[in-house]
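Encoded as structure tokens, the structure appears first; notes follow it.
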Protein chains: 2
Amino acid sequence: MATLGAQKKHKVTIVGSGNWGTTMSKLVAENVKAHPQLFEETVNMWVYEEEVTIPKDSRHYDPASDKPQKLSELFNKVHENVKYLPNITIPSNVVANPDVVDSCKNSTILIFVLPHQFIPRVCDQLAGKIVPYARAICCTKGIDVSEKGVRLMSEAIGMRLNIYCGALSGANIASEIAQEKYSETTVAYDPPPMDSRAPTPSGSPTSSQVDLISPSKPVPSARSARLKPLPNEYPPLSHENVRKLFHRPYFHVRIVDDVAGVSLGGALKNIIALGAGFVDGLGWGDNAKAAVMRVGILEMVKFGKYFFPDSSKSTTFTEESCGVADVVTSCMGGRNFRCAKMAIEQGKTVFEIEQEVLNGQKLQGTSTAYEVNSFLTQEGKEHEFPLFTAVYNILEKKAKPEDIPQLIEPKD
Amino acid sequence: MATLGAQKKHKVTIVGSGNWGTTMSKLVAENVKAHPQLFEETVNMWVYEEEVTIPKDSRHYDPASDKPQKLSELFNKVHENVKYLPNITIPSNVVANPDVVDSCKNSTILIFVLPHQFIPRVCDQLAGKIVPYARAICCTKGIDVSEKGVRLMSEAIGMRLNIYCGALSGANIASEIAQEKYSETTVAYDPPPMDSRAPTPSGSPTSSQVDLISPSKPVPSARSARLKPLPNEYPPLSHENVRKLFHRPYFHVRIVDDVAGVSLGGALKNIIALGAGFVDGLGWGDNAKAAVMRVGILEMVKFGKYFFPDSSKSTTFTEESCGVADVVTSCMGGRNFRCAKMAIEQGKTVFEIEQEVLNGQKLQGTSTAYEVNSFLTQEGKEHEFPLFTAVYNILEKKAKPEDIPQLIEPKD
């Protein structure tokens, strides 16, 4: 019924080919084959071209051809991303393309999985060259916080391309999902009113059937009114159909409306993970770690409520994979947690540990903690987020990890 | 202001002296000294009398007196529970008493910290011999589930003694708290209307000031109407004053009204911990563990809503220490988690592991899983609690741990 009258199918491009992007291409490629009435079989993947040499321990290593090759060509030959996701076979309907414009040009669904610093540049390259009624899903975690406010990655993509962009986030360690170990995620997808199609005559459509307006939704903004509705020839991008693009037996998807909450969860959890690492580094045990996590989840809820009052829901943080579950995973063994813990154990700063063990890479949690603090200070709300503020102050050496209990205790 | 007109002080007894009971005596003893206007300085602790020999590695070991001594006498001499909480000094205002009736006879506050199988017998010994307007707090985790329904430990105590009983539960590993490592807990305290004192004339009292009726509370039941109000000579047992009894700089207390939720959290988390142990034993990693925890917390919420519709609140599970934080702690390294994980890794049943490693003790999670399943089956609600049901079926060898993702996937 969902495809009634649809003559066209959705074409999907994965914009990005790192560890998470390649994993995403695997599960999307499996799903388009499972739903041939909705999606075209070939999935494009934009690969940032680089020269790679197959490592000696790879199953694709061949001494006769032991020289650098183009990553995209190698991928299309061996159906494996030997550099970023070794030893995982990607279905052959994923086609790597080093030209970002060409890889996206006919696609109605663009899945962004890029390191967040590349998003503006890539979007600028794509602007005006994509299908005008395309929809995007942003799988990049993080937010841009400045003194001007909080900008979600999905908003940045949507505004630069003038299309609707949802978000995907959850307790998702890519390598585990690539091995088909069980995992969950949350997809936020809630396009504003723009569709020209009228509701079906026989009763109201349910929100899971069509991507139309629900009565409770606000009046379309000037921007959303400029968004192009999906032509009738395409199957609707309903919650049900979006779910079919991502859900696998080993990757369970829950769809929500709250794009802000899903995006905030993926960013703010890194501050919490630093806090959990600090108390764990003190040897304070599991009670203390669980307390920091609990307080952190409530600060996420409060942050969403203050800064996205119309959209963010507390249940996104307390009940969904992008909230509570991602906090749990990040505080059990994530990078931010481990570096904060090592810093305390070794009597060093987190920045020193970052330099020593991350090989030039940066922790997301530290920059998010600084950005969030600068924003909260400007809004005069620092004291209403005592854990976020404590983590910032510890990074700044203005507070000690031992002070955390006192700092996060509610003031009566 | 809270003590205006009060001439008497509350006398406290800790009913129980194991690992958690002795820890509780420490923090309560510190608090009664900090609030001498509310509480009598001496805290009684009922000790189930046994003969103990001081271990050779104890700081109290003395070769000259290397013979069995009475635990209560030894405690009162060395101010340490050498058997159940070694190496922790308990304040000298805690007085051990092996006679349960004598230890409680003048106390207005009874804190129960007994293994749950002892509760009925001890309450029967105490019935009719305590202050009739005493109040209790139950720190014993667990619930009694039978085909007849769910009975909270606090209800069992309250009904047998005909007094009001609240509950305390949280992410509380006793030995960590005894070492003053930072921790949080949740106290549920919400006595029904019974107090003879009228509200203050000038405006309504706030709920944190008096233990009176809030307008939204249901009409008192026949049983609650029989409860004796606290005489005016005593400081009111308001949320504020109850918090003063438990809160320490290293033990943060949040007070809620939801006794059912706090009690259910402490019991149902053990089923979740078994489920988390099963997937961890399969080597499925942190995504899978976090997913099981998330689904489990939502089943807690649903269980509370079905079986305690008037009292249980979803936020108790998703936002308080007794819910989300206790689930986290239990699934990081609790006994139920560890035994379930070992069972899968070694290809044995949980019951075999229980026998091998627990030295005659029993896991709470297995019995709770069986009791909850028997109750859900009788109510025809087994399928609405897929994780609880999956854990039961795995224990019963009717399902395999590998089936968990499929079993807990919502059926559309």
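How things are named: the first chain in the structure tokens is A, the next is B, and so on; residues count from 1 in each chain; ligands count from 1 in the order shown.
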**Message:** Please list as a VMD selection string every residue within 12 Å of stretch 83-91 of chain A, counting only C-alpha atoms and excluding residues in the same chain fewer than 3 positions away.
**Reply:** chain A and resid 16 to 33 41 to 45 47 to 61 68 to 72 74 to 80 94 to 96 174 to 180
**Request:** Would you kindly report the residues of chain B within 8 Å of chain A, using only C-alpha atoms, as a PyMOL selection string?
**Result:** chain B and resi 171-173+176+181-184+249-250+252+284-288+290-291+293-294+297-298+318-321+324-326+328-329+332+405-406+409
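With atom CA of A:Ser154 on one side and atom CA of A:Ile255 on the other, the separation reads 15.8 Å.
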**Residue set, stretch 304-371 of chain A restricted to helix (DSSP H, G or I), as JSON, numbers by chain** = {"A": [304, 305, 306, 307, 314, 315, 316, 317, 318, 319, 321, 322, 323, 324, 325, 326, 327, 328, 329, 330, 331, 332, 333, 335, 336, 337, 338, 339, 340, 341, 342, 343, 344, 345, 346, 350, 351, 352, 353, 354, 355, 356, 357, 364, 365, 366, 367, 368, 369, 370, 371]}
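For the pair atom CA of B:Ala276 and atom CA of A:Ala267, the separation is 25.3 Å.
Assigned to strand (DSSP E) in stretch 140-317 of chain B, given DSSP computed from backbone atoms, are B:Ile143, B:Asp144, B:Val145, B:Ser146, B:Gly149, B:Val150, B:Arg151, B:Leu152, B:Tyr164, B:Cys165, B:Gly166, B:Ala167, B:Leu168, B:Ser169, B:Ser183, B:Glu184, B:Thr185, B:Thr186, B:Val187, B:Ala188, B:Phe251, B:His252, B:Val253, B:Arg254, B:Ile255, B:Val256.
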**Asked** Do you have the atom CA of A:Ala390-atom CA of A:Thr377 distance handy?
**Response** 12.9 Å
**Item:** All residues 9 Å or closer to A:Phe308, only C-alpha atoms, same chain fewer than 5 positions away omitted, as a PyMOL selection string
**Value:** chain A and resi 260-261+303+313
**Asked** Neighbours of B:Gln125 within 9 Å (only C-alpha atoms; same-chain residues fewer than 5 positions away dropped), as a PyMOL selection string?
**Response** chain B and resi 100-101+120
Keeping only C-alpha atoms, write those residues as a compact mmCIF listing (two decimals), in the first residue's frame.
# COMPACT_ATOMS: atom_id res chain seq x y z
CA VAL B 100 15.53 -7.47 68.55
CA VAL B 101 12.56 -6.41 70.71
CA PRO B 120 8.42 -12.00 58.23
**Which residue of B:Tyr133, B:Val187, B:Leu126, B:Asp66 approaches B:Leu245 most closely, using only C-alpha atoms** = B:Val187
**Message:** Quick one: residues within 9 Å of B:Val372, only C-alpha atoms, excluding same-chain residues fewer than 2 positions away - as a PyMOL selection string?
**Reply:** chain B and resi 145-147+150+268+367-370+374-377+388-389+392
Those same residues, written as a compact mmCIF listing (two decimals), in the first residue's frame with N, CA, C and O atoms?
# COMPACT_ATOMS: atom_id res chain seq x y z
N VAL B 145 6.86 -11.86 44.61
CA VAL B 145 5.89 -11.99 43.53
C VAL B 145 5.32 -13.40 43.60
O VAL B 145 6.07 -14.37 43.70
N SER B 146 4.03 -13.51 43.62
CA SER B 146 3.40 -14.82 43.55
C SER B 146 2.26 -14.71 42.56
O SER B 146 2.03 -13.65 41.98
N GLU B 147 1.55 -15.82 42.38
CA GLU B 147 0.42 -15.75 41.45
C GLU B 147 -0.65 -14.80 41.95
O GLU B 147 -1.46 -14.31 41.19
N VAL B 150 1.97 -8.86 43.39
CA VAL B 150 3.28 -8.38 43.78
C VAL B 150 3.17 -7.75 45.16
O VAL B 150 2.36 -6.87 45.39
N LEU B 268 13.73 -5.81 39.94
CA LEU B 268 13.69 -6.15 38.52
C LEU B 268 15.05 -5.97 37.83
O LEU B 268 15.34 -6.64 36.84
N SER B 367 15.49 -16.21 40.98
CA SER B 367 14.18 -16.38 41.62
C SER B 367 13.23 -15.27 41.21
O SER B 367 12.05 -15.51 40.95
N THR B 368 13.73 -14.04 41.08
CA THR B 368 12.85 -12.95 40.64
C THR B 368 12.35 -13.22 39.21
O THR B 368 11.18 -13.00 38.90
N ALA B 369 13.23 -13.73 38.35
CA ALA B 369 12.80 -14.02 36.97
C ALA B 369 11.69 -15.07 36.96
O ALA B 369 10.72 -14.95 36.19
N TYR B 370 11.80 -16.08 37.81
CA TYR B 370 10.76 -17.12 37.87
C TYR B 370 9.46 -16.58 38.45
O TYR B 370 8.37 -16.83 37.93
N SER B 374 5.93 -16.23 36.42
CA SER B 374 4.72 -16.94 36.83
C SER B 374 3.56 -15.95 36.96
O SER B 374 2.44 -16.22 36.53
N PHE B 375 3.86 -14.79 37.46
CA PHE B 375 2.84 -13.76 37.62
C PHE B 375 2.39 -13.21 36.26
O PHE B 375 1.18 -13.11 35.99
N LEU B 376 3.35 -12.93 35.38
CA LEU B 376 3.00 -12.39 34.06
C LEU B 376 2.17 -13.40 33.26
O LEU B 376 1.23 -13.03 32.56
N THR B 377 2.54 -14.66 33.36
CA THR B 377 1.82 -15.70 32.63
C THR B 377 0.37 -15.74 33.10
O THR B 377 -0.56 -15.79 32.30
N PHE B 388 12.06 -9.76 30.01
CA PHE B 388 11.87 -10.56 31.22
C PHE B 388 11.53 -12.01 30.83
O PHE B 388 12.01 -12.97 31.45
N THR B 389 10.70 -12.13 29.80
CA THR B 389 10.28 -13.47 29.36
C THR B 389 11.44 -14.21 28.71
O THR B 389 11.63 -15.42 28.94
N TYR B 392 13.73 -15.57 31.41
CA TYR B 392 13.12 -16.77 32.01
C TYR B 392 13.29 -17.97 31.08
O TYR B 392 13.69 -19.05 31.51
**Item:** Selection: 8 Å around stretch 351-353 of chain A, only C-alpha atoms, excl. self and same-chain fewer than 6 positions, as a PyMOL selection string
**Value:** chain A and resi 339+342-343
Can I get the selected residues back with all heavy atoms, as a compact mmCIF listing (two decimals), in the first residue's frame?
# COMPACT_ATOMS: atom_id res chain seq x y z
N CYS A 339 40.41 8.10 28.17
CA CYS A 339 41.44 9.15 28.30
C CYS A 339 41.29 9.92 29.62
O CYS A 339 42.30 10.25 30.26
CB CYS A 339 41.39 10.10 27.12
SG CYS A 339 42.01 9.35 25.59
N MET A 342 42.64 7.67 32.38
CA MET A 342 44.11 7.62 32.37
C MET A 342 44.71 8.91 32.90
O MET A 342 45.73 8.89 33.59
CB MET A 342 44.61 7.39 30.93
CG MET A 342 44.45 5.98 30.42
SD MET A 342 44.75 5.86 28.63
CE MET A 342 46.52 6.13 28.58
N ALA A 343 44.11 10.04 32.55
CA ALA A 343 44.63 11.33 33.01
C ALA A 343 44.69 11.36 34.54
O ALA A 343 45.71 11.74 35.13
CB ALA A 343 43.75 12.47 32.49
